[in-house]
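A.B. asks: So that we are looking at the same thing, I have put the structure below in structure tokens.
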Amino acid sequence: MNDIRQRMLEGKQVEGCEKCYHEESLKYTSQRQLLNQWFSEWLINDNLLPWKEDSDSLFEEINDLNWVEIFKNTPIKLQWLALHGSNICNLACRGCYSLLSTKWRKDEIKLGINPHPTNDPDIDWYGIDIASIDFITMFGGEPFYMKQSEQLIDKVEADPNNKILQYFTNGTVLPSKQTLDVWKDIRKLILYISVDAFGEDNDYFRYGSDWNTVEQNLQFYISEGAKYNWEIKVSTLINIYNVDKLDVLHNWLVNKGIQDTAIMYNLCIYPQELDIRNLPQEYKEELIEQYSTINLPNNVKSVVQKHLEMEPNLSSFIVVKAFSEKLDELRDQHNPNIKLERYIKNDSFK
Ligand SMILES: C[S@@+](CC[C@H](N)C(=O)[O-])C[C@H]1O[C@@H](n2cnc3c(N)ncnc32)[C@H](O)[C@@H]1O
């Protein structure tokens with residue numbers, strides 16, 4: 001960790017952070033840049049920016065900061081805890097794996113992969129004084145499906161006023177009443193609901209999900225969020241199954257009341273089988289054409305087009321087909337994306 005910090009302070013690249021560097025090379029604002037900007041505002045000016053104000057011009061405005069200079073007189077204290085809590089999840093999304101979802105274990109075994117174990121410690125196990133940290137993010141697993149989010153709320157409840165809580169949820173499980181009550185007293189709630197497509201396409205990708213429940217819960221969060229000034233966001237993974245339909249989801253979300261800039265698009269780089277770079281050339285060209293007029297924010301259009309223009313990083317589309325077909329077979333699923341399925345079933349695309 002010390003080596004990583006030192007390299008970052010020296011402005012050098014760090015192994016494992018390739019996704020951000022890749023996005024930056026495509027002139028797309030990366031999480032690294034957004035977090036640097038958000039943290040500097042919070043820690044220096046005590047100002048909570050909207051978590052992601054993405055725009056065409058943001059990339060130009062973000063510069064790497066001289067953190068050593070800025071914080072030279074500040075005592076060292078843990079400011080942010082990114083808590084995975086547990087890998088217990090009720091879904092097995094196609095882009096995920098058993099390190100982050102226990103529901104993937106069964107299929108990984110069938111695929112000949114040695115799965116990650118279930119990891120379910122009480123949050124005290126980490127030995128961190130959680131009550132003293134103002135900003136905590138809960139990833140997962142599914143936060144509202146695991147005991148750790150209740151344990152977190154028990155700690156926050158005693159002194160909620162300065163707390164900033166951020167969660168990533170799959171939208172299928174609502175938090176407890178106690179959690180909802182405590183959220184009303186904290187300084188800021190930033191809630192990311194992960195949705196990868198509209199309707200049955202979402203249920204297909206987010207295996208185990210039920211669209212009606214997601215829609216209802218999203219509506220609940222939007223209306224409660226308006227009352228209590230919660231930041232309600234959506235996180236969407238751009239991948240082979242949804243790339244041709246992102247506009248449908250985006251415009252549906254905007255009509256529901258989610259702001260354009262509150263939808264965070266993430267490029268799928270891993271697993272490589274879901275990376276849009278590995279689609280057949282003919283389909284990529286069709287998509288590039290579609291993206292010239294698609295109704296999406298310019299920065300999203302641009303990053304997708306640039307990514308599609310890149311060379312595949314798998315030896316063949318056969319690897320993509322095999323992954324998709326094998327999972328369909330194991331899960332008894334049928335790909336609702338007819339266009340993609342035509343390419344998958346057509347043996348001339350290799
Ligand atoms: C792994 S999930 C766990 C939290 C919660 N269960 C959820 O669904 O949001 C956290 C975030 O990672 C994103 N994600 C999933 N697979 C990914 C991948 N292969 N690459 C990048 N992000 C991914 C999801 O879209 C989600 O927003």
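Starting from 1 in every chain, residues are counted up; chains themselves are A, B, ... following the order of the structure tokens, and ligands are numbered from 1 as listed.
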Grab me every residue within 6 Å of ligand 1, counting only C-alpha atoms and all ligand atoms, and send it over as a PyMOL selection string.
C.D. replies: chain A and resi 95-96+100+139-142+168-170+193-194+235-237+268+270-271
A.B. asks: Where in range 146-240 of chain A does DSSP assign strand (DSSP E or B), given as a list in words?
C.D. replies: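 Put together, the selection reads Ile164, Leu165, Gln166, Tyr167, Phe168, Thr169, Lys188, Leu189, Ile190, Leu191, Tyr192, Ile193, Ser194, Arg206, Tyr207, Glu231, Ile232, Lys233, Val234, Ser235, Thr236, Leu237 and Ile238 of chain A.
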A.B. asks: Quote the spacing between CA of Gly85 in chain A and CA of Leu189 in chain A in Å to one decimal place.
C.D. replies: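 If I compute the distance from CA of Gly85 in chain A to CA of Leu189 in chain A, I get 18.0 Å.
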A.B. asks: Using only C-alpha atoms, pick whichever of A:Met138, A:Gly257, A:Ile109, A:Asn45 has the shortest atom-to-atom distance to His84 in chain A.
C.D. replies: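 Under the stated criterion, the closest residue is A:Met138.
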A.B. asks: Which neighbours of Trp104 in chain A fall inside 12 Å, counting only C-alpha atoms, when residues of the same chain fewer than 2 positions from it are skipped, and could you give them as a PyMOL selection string?
C.D. replies: chain A and resi 87-102+106-111+113-118+141+206-208+327+330-331
A.B. asks: Could you tell me which of A:Tyr283, A:Tyr28, A:Phe349, A:Phe205 comes closest to Tyr241 in chain A if we count only C-alpha atoms?
C.D. replies: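 Distance minimum relative to Tyr241 in chain A lands on A:Phe205.
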A.B. asks: Produce a table with one row for each residue of range 113-205 of chain A that has an atom at most 8 Å from any atom of range 242-254 of chain A, each row naming the nearest atom pair and its distance in Å at one decimal; use only C-alpha atoms; arrange rows by chain and rising residue number; format as a Markdown table.
C.D. replies:
| residue | atom | partner | partner_atom | distance |
| --- | --- | --- | --- | --- |
| A:Asp196 | CA | A:Asn242 | CA | 7.1 |
| A:Ala197 | CA | A:Leu249 | CA | 5.7 |
| A:Phe198 | CA | A:Leu249 | CA | 5.1 |
| A:Asp201 | CA | A:Asn242 | CA | 7.8 |
A.B. asks: To test your reading of the structure, identify every residue in range 28-108 of chain A that backbone DSSP assigns to alpha helix (DSSP H), and report it as a ChimeraX atom specification.
C.D. replies: /A:31-45,58-61,67-70,105-108
